[in-house]
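Asker: This is the content of coords-v5.pdb (PDB, C-alpha atoms):
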ATOM      1  CA  MET B   1     172.484  71.150  -0.248
ATOM      2  CA  SER B   2     170.454  73.281   2.096
ATOM      3  CA  PHE B   3     166.776  73.103   2.854
ATOM      4  CA  GLY B   4     164.577  75.727   1.228
ATOM      5  CA  GLU B   5     166.958  76.699  -1.580
ATOM      6  CA  THR B   6     165.891  76.605  -5.206
ATOM      7  CA  TYR B   7     168.227  74.773  -7.584
ATOM      8  CA  VAL B   8     167.693  75.106 -11.333
ATOM      9  CA  THR B   9     169.255  74.190 -14.656
ATOM     10  CA  VAL B  10     168.819  76.704 -17.465
ATOM     11  CA  LEU B  11     169.430  76.080 -21.159
ATOM     12  CA  GLY B  12     169.867  79.318 -23.046
ATOM     13  CA  TRP B  13     172.095  81.704 -24.939
ATOM     14  CA  VAL B  14     174.665  84.133 -23.530
ATOM     15  CA  GLY B  15     173.053  87.559 -23.947
ATOM     16  CA  SER B  16     175.688  89.975 -22.605
ATOM     17  CA  GLU B  17     179.420  90.441 -22.342
ATOM     18  CA  LEU B  18     180.948  88.705 -19.339
ATOM     19  CA  GLN B  19     181.877  91.165 -16.591
ATOM     20  CA  PHE B  20     184.969  90.057 -14.668
ATOM     21  CA  LYS B  21     185.710  91.516 -11.236
ATOM     22  CA  GLU B  22     187.988  90.627  -8.342
ATOM     23  CA  VAL B  23     186.127  90.947  -5.053
ATOM     24  CA  GLY B  24     188.299  91.687  -2.045
ATOM     25  CA  GLY B  25     191.363  91.759  -4.256
ATOM     26  CA  GLN B  26     191.580  87.991  -4.714
ATOM     27  CA  THR B  27     188.195  86.310  -5.302
ATOM     28  CA  ALA B  28     187.182  86.199  -8.963
ATOM     29  CA  ARG B  29     183.547  86.901  -9.929
ATOM     30  CA  VAL B  30     181.988  86.897 -13.380
ATOM     31  CA  SER B  31     178.448  87.967 -14.149
ATOM     32  CA  PHE B  32     176.508  87.826 -17.407
ATOM     33  CA  ARG B  33     172.968  87.492 -18.739
ATOM     34  CA  VAL B  34     171.445  84.320 -20.167
ATOM     35  CA  GLY B  35     168.230  84.282 -22.159
ATOM     36  CA  SER B  36     166.114  81.150 -22.366
ATOM     37  CA  THR B  37     163.413  81.066 -25.059
ATOM     38  CA  PRO B  38     161.099  78.042 -25.046
ATOM     39  CA  ARG B  39     159.646  76.852 -28.351
ATOM     40  CA  GLN B  40     156.219  75.340 -28.797
ATOM     41  CA  TYR B  41     154.609  73.657 -31.775
ATOM     42  CA  ASP B  42     151.675  75.641 -33.224
ATOM     43  CA  ARG B  43     149.258  73.195 -34.907
ATOM     44  CA  ILE B  44     147.304  75.977 -36.619
ATOM     45  CA  HIS B  45     150.357  77.311 -38.463
ATOM     46  CA  ASP B  46     152.136  73.924 -38.604
ATOM     47  CA  THR B  47     155.381  75.411 -37.267
ATOM     48  CA  TYR B  48     157.276  76.078 -34.068
ATOM     49  CA  VAL B  49     156.725  79.414 -32.321
ATOM     50  CA  ASP B  50     159.043  81.145 -29.841
ATOM     51  CA  LYS B  51     157.524  81.895 -26.453
ATOM     52  CA  PRO B  52     158.616  84.908 -24.361
ATOM     53  CA  THR B  53     162.289  84.899 -23.348
ATOM     54  CA  THR B  54     163.157  84.613 -19.668
ATOM     55  CA  TRP B  55     166.362  86.445 -18.701
ATOM     56  CA  PHE B  56     168.679  85.422 -15.872
ATOM     57  CA  THR B  57     171.667  87.192 -14.360
ATOM     58  CA  VAL B  58     174.306  84.519 -13.786
ATOM     59  CA  GLU B  59     177.124  84.888 -11.260
ATOM     60  CA  CYS B  60     180.149  82.600 -11.183
ATOM     61  CA  TRP B  61     182.778  82.650  -8.438
ATOM     62  CA  ARG B  62     186.438  81.642  -8.055
ATOM     63  CA  GLY B  63     187.741  79.040 -10.539
ATOM     64  CA  LEU B  64     184.401  78.756 -12.318
ATOM     65  CA  ALA B  65     184.475  82.524 -12.876
ATOM     66  CA  GLN B  66     187.924  82.400 -14.448
ATOM     67  CA  ASN B  67     187.067  79.421 -16.655
ATOM     68  CA  ALA B  68     183.737  80.918 -17.785
ATOM     69  CA  PHE B  69     185.404  84.243 -18.596
ATOM     70  CA  GLU B  70     187.991  82.496 -20.773
ATOM     71  CA  SER B  71     185.518  80.095 -22.437
ATOM     72  CA  VAL B  72     182.088  81.688 -22.926
ATOM     73  CA  GLN B  73     181.158  84.417 -25.415
ATOM     74  CA  VAL B  74     178.023  86.358 -26.332
ATOM     75  CA  GLY B  75     175.625  84.348 -28.500
ATOM     76  CA  GLN B  76     176.870  80.896 -27.482
ATOM     77  CA  PRO B  77     174.408  78.227 -26.304
ATOM     78  CA  ILE B  78     175.104  77.198 -22.694
ATOM     79  CA  ILE B  79     173.732  75.167 -19.823
ATOM     80  CA  VAL B  80     173.931  76.687 -16.339
ATOM     81  CA  THR B  81     173.175  74.836 -13.103
ATOM     82  CA  GLY B  82     172.987  76.678  -9.806
ATOM     83  CA  ARG B  83     170.829  78.132  -7.065
ATOM     84  CA  LEU B  84     168.510  81.117  -7.231
ATOM     85  CA  ARG B  85     169.269  84.048  -4.925
ATOM     86  CA  THR B  86     167.342  87.289  -4.481
ATOM     87  CA  HIS B  87     169.396  90.487  -4.324
ATOM     88  CA  GLU B  88     167.534  93.400  -2.711
ATOM     89  CA  TRP B  89     168.631  97.046  -2.466
ATOM     90  CA  THR B  90     167.286 100.591  -2.144
ATOM     91  CA  ASP B  91     168.283 103.203  -4.726
ATOM     92  CA  ASP B  92     169.232 106.841  -4.043
ATOM     93  CA  ALA B  93     165.573 107.901  -4.314
ATOM     94  CA  GLY B  94     164.567 105.438  -1.577
ATOM     95  CA  GLU B  95     162.866 102.997  -3.980
ATOM     96  CA  PRO B  96     163.284  99.304  -3.094
ATOM     97  CA  HIS B  97     164.488  97.009  -5.888
ATOM     98  CA  SER B  98     165.179  93.309  -6.203
ATOM     99  CA  ARG B  99     166.435  90.907  -8.810
ATOM    100  CA  VAL B 100     166.912  87.176  -8.991
ATOM    101  CA  ILE B 101     170.463  85.943  -9.560
ATOM    102  CA  LEU B 102     171.426  82.453 -10.659
ATOM    103  CA  GLU B 103     174.550  81.600  -8.633
ATOM    104  CA  ALA B 104     176.209  79.032 -10.880
ATOM    105  CA  PHE B 105     177.719  75.749  -9.739
ATOM    106  CA  SER B 106     178.405  74.640 -13.301
ATOM    107  CA  VAL B 107     178.494  76.286 -16.733
ATOM    108  CA  GLY B 108     179.057  74.522 -20.037
ATOM    109  CA  HIS B 109     178.397  74.763 -23.732
ATOM    110  CA  ASP B 110     175.209  73.073 -24.974
ATOM    111  CA  LEU B 111     176.608  70.318 -27.193
ATOM    112  CA  ASN B 112     173.201  69.766 -28.827
ATOM    113  CA  ARG B 113     173.886  73.034 -30.651
ATOM    114  CA  GLY B 114     177.573  72.679 -31.604
ATOM    115  CA  THR B 115     181.000  71.405 -30.667
ATOM    116  CA  THR B 116     183.655  72.683 -28.308
ATOM    117  CA  THR B 117     187.095  71.692 -27.055
ATOM    118  CA  PHE B 118     188.203  71.213 -23.476
ATOM    119  CA  SER B 119     191.467  72.211 -21.843
ATOM    120  CA  LYS B 120     192.129  70.932 -18.355
ATOM    121  CA  ASN B 121     193.297  73.453 -15.765
ATOM    122  CA  PRO B 122     196.692  72.831 -14.178
ATOM    123  CA  PRO B 123     196.580  71.453 -10.621
ATOM    124  CA  ARG B 124     195.529  74.016  -8.038
ATOM    125  CA  SER B 125     198.219  75.668  -5.969
ATOM    126  CA  ASP B 126     196.410  74.804  -2.702
ATOM    127  CA  VAL B 127     197.295  71.117  -3.181
ATOM    128  CA  SER B 128     200.357  70.189  -1.145
ATOM    129  CA  PRO B 129     203.340  68.994  -3.231
ATOM    130  CA  SER B 130     203.462  65.641  -1.427
ATOM    131  CA  SER B 131     199.792  64.886  -2.187
ATOM    132  CA  ALA B 132     200.302  65.808  -5.846
ATOM    133  CA  LEU B 133     202.832  62.991  -6.297
ATOM    134  CA  VAL B 134     200.828  59.950  -7.274
ATOM    135  CA  SER B 135     202.020  56.850  -9.009
ATOM    136  CA  VAL B 136     200.627  56.556 -12.513
ATOM    137  CA  PRO B 137     199.478  53.030 -13.438
ATOM    138  CA  THR B 138     201.697  51.251 -15.938
ATOM    139  CA  PRO B 139     199.812  50.117 -19.048
ATOM    140  CA  VAL B 140     199.644  46.401 -19.820
ATOM    141  CA  ALA B 141     202.231  45.220 -22.325
ATOM    142  CA  ALA B 142     201.338  45.700 -25.981
ATOM    143  CA  SER B 143     201.611  41.937 -26.546
ATOM    144  CA  ASP B 144     198.315  41.438 -24.629
ATOM    145  CA  PRO B 145     195.633  43.197 -26.731
ATOM    146  CA  THR B 146     192.759  41.847 -24.618
ATOM    147  CA  GLU B 147     193.370  44.062 -21.614
ATOM    148  CA  THR B 148     194.286  47.681 -21.058
ATOM    149  CA  THR B 149     194.041  49.870 -17.991
ATOM    150  CA  ALA B 150     192.639  53.327 -17.544
ATOM    151  CA  SER B 151     192.609  55.782 -14.690
ATOM    152  CA  PRO B 152     189.417  57.789 -14.117
ATOM    153  CA  TYR B 153     191.534  60.874 -13.314
ATOM    154  CA  PRO B 154     194.996  61.943 -14.455
ATOM    155  CA  GLY B 155     197.716  60.850 -12.050
ATOM    156  CA  ASP B 156     198.972  64.385 -11.586
ATOM    157  CA  GLU B 157     195.910  65.495  -9.640
ATOM    158  CA  TYR B 158     193.990  62.602  -8.058
ATOM    159  CA  SER B 159     194.975  59.223  -6.763
ATOM    160  CA  ALA B 160     193.213  56.477  -8.665
ATOM    161  CA  THR B 161     193.105  52.728  -9.021
ATOM    162  CA  PRO B 162     193.419  51.442 -12.593
ATOM    163  CA  LEU B 163     190.195  50.103 -14.063
ATOM    164  CA  PRO B 164     190.289  46.974 -16.264
ATOM    165  CA  LEU B 165     188.575  47.618 -19.583
ATOM    166  CA  THR B 166     187.720  44.064 -20.627
ATOM    167  CA  ALA B 167     184.633  41.913 -20.276
ATOM    168  CA  GLY B 168     186.810  39.109 -18.851
ATOM    169  CA  ALA B 169     187.752  41.266 -15.882
ATOM    170  CA  ARG B 170     184.101  41.583 -14.831
ATOM    171  CA  ASN B 171     183.680  37.776 -14.989
ATOM    172  CA  ALA B 172     186.814  37.268 -12.878
ATOM    173  CA  GLU B 173     185.542  39.718 -10.249
ATOM    174  CA  ALA B 174     182.179  37.919 -10.070
ATOM    175  CA  ALA B 175     183.840  34.536  -9.417
TER
END
Go ahead and render the structure in this file as structure tokens.
Answerer:
Amino acid sequence: MSFGETYVTVLGWVGSELQFKEVGGQTARVSFRVGSTPRQYDRIHDTYVDKPTTWFTVECWRGLAQNAFESVQVGQPIIVTGRLRTHEWTDDAGEPHSRVILEAFSVGHDLNRGTTTFSKNPPRSDVSPSSALVSVPTPVAASDPTETTASPYPGDEYSATPLPLTAGARNAEAA
């Protein structure tokens, strides 16, 4: 993180088609609009009332851009976390303009509003073949139902130490 930057998380709805572009011939960029409408309880009318919608232009880069383009559609509820950037320019008539862009670090569906499925990306091509070879932990024999092992990451991408999933393992570590 840098000093003086503004980081935000926005809950909202996708309000425009996703625009995919390759910058410099190889860097993926996706931009789209997100609208966030807060709701407030109105005691006089005994109901919830929508407040004015705030619109954000969201930009995603590289792998996040590709994944967002393949996963997100207009009208879906999403959560976007990123930093605010100001884009300034002068039009042909000499008028200065500016807009605030939310440069996304993370984009996901809002699971309070529905369900989704997840598909893991294949390992990146920038990982060397020798570092991609990792031994996968062998599960404990089926005859011992009290203990199983789990890896926090799949063996094909990250090296990991198996984690015991029993209460007895914690007691043994404490001793």
Asker: Kindly assemble as a tab-separated table a list of the segment 102-122 of chain B residues that lie within 7 Å of segment 73-78 of chain B, each paired with its nearest atom pair and their distance in Å to one decimal, using all atoms listed in the file, sorted first by chain and then by ascending residue number.
Answerer:
residue	atom	partner	partner_atom	distance
B:Val107	CA	B:Ile78	CA	6.9
B:Gly108	CA	B:Ile78	CA	5.5
B:His109	CA	B:Ile78	CA	4.2
B:Asp110	CA	B:Ile78	CA	4.7
B:Arg113	CA	B:Pro77	CA	6.8
Asker: For the file shown, report as a ChimeraX atom specification the outcome of the PyMOL selection byres ((chain B and resi 58) around 8) at residue level.
Answerer: /B:31-34,56-57,59-60,101-104
Asker: For the residues in that selection, give me C-alpha atoms as a CSV table (one decimal), keeping the file's coordinate frame.
Answerer:
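Dumped to out.csv:
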chain,number,residue,atom,x,y,z
B,31,SER,CA,178.4,88.0,-14.1
B,32,PHE,CA,176.5,87.8,-17.4
B,33,ARG,CA,173.0,87.5,-18.7
B,34,VAL,CA,171.4,84.3,-20.2
B,56,PHE,CA,168.7,85.4,-15.9
B,57,THR,CA,171.7,87.2,-14.4
B,59,GLU,CA,177.1,84.9,-11.3
B,60,CYS,CA,180.1,82.6,-11.2
B,101,ILE,CA,170.5,85.9,-9.6
B,102,LEU,CA,171.4,82.5,-10.7
B,103,GLU,CA,174.6,81.6,-8.6
B,104,ALA,CA,176.2,79.0,-10.9
Asker: In Å, rounded to a single decimal, give me how far atom CA of Thr81 of chain B is from atom CA of Ser106 of chain B.
Answerer: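 If I compute the distance from atom CA of Ser106 of chain B to atom CA of Thr81 of chain B, I get 5.2 Å.
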Asker: Please indicate the distance in Å from atom CA of Thr117 of chain B to atom CA of Gly63 of chain B, rounded to one decimal place.
Answerer: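 That distance, rounded to one decimal, is 18.1 Å.
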Asker: Go through B:Gly82, B:Gly24, B:Pro96, B:Pro52 and flag the residue nearest Leu64 of chain B, using only C-alpha atoms for the distances.
Answerer: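 Of B:Gly82, B:Gly24, B:Pro96, B:Pro52, the one nearest Leu64 of chain B, counting only C-alpha atoms, is B:Gly82.
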Asker: By how many Å are atom CA of Tyr41 of chain B and atom CA of Leu11 of chain B apart?
Answerer: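 Atom CA of Tyr41 of chain B sits 18.4 Å away from atom CA of Leu11 of chain B.
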Asker: Put a box with edges along x, y and z around all the listed atoms of segment 87-95 of chain B, pad it by 3 Å on each side, then give me its centre and sizes in Å, one decimal, as JSON.
Answerer:
{"center_x": 166.1, "center_y": 99.2, "center_z": -3.2, "size_x": 12.5, "size_y": 23.4, "size_z": 9.1}
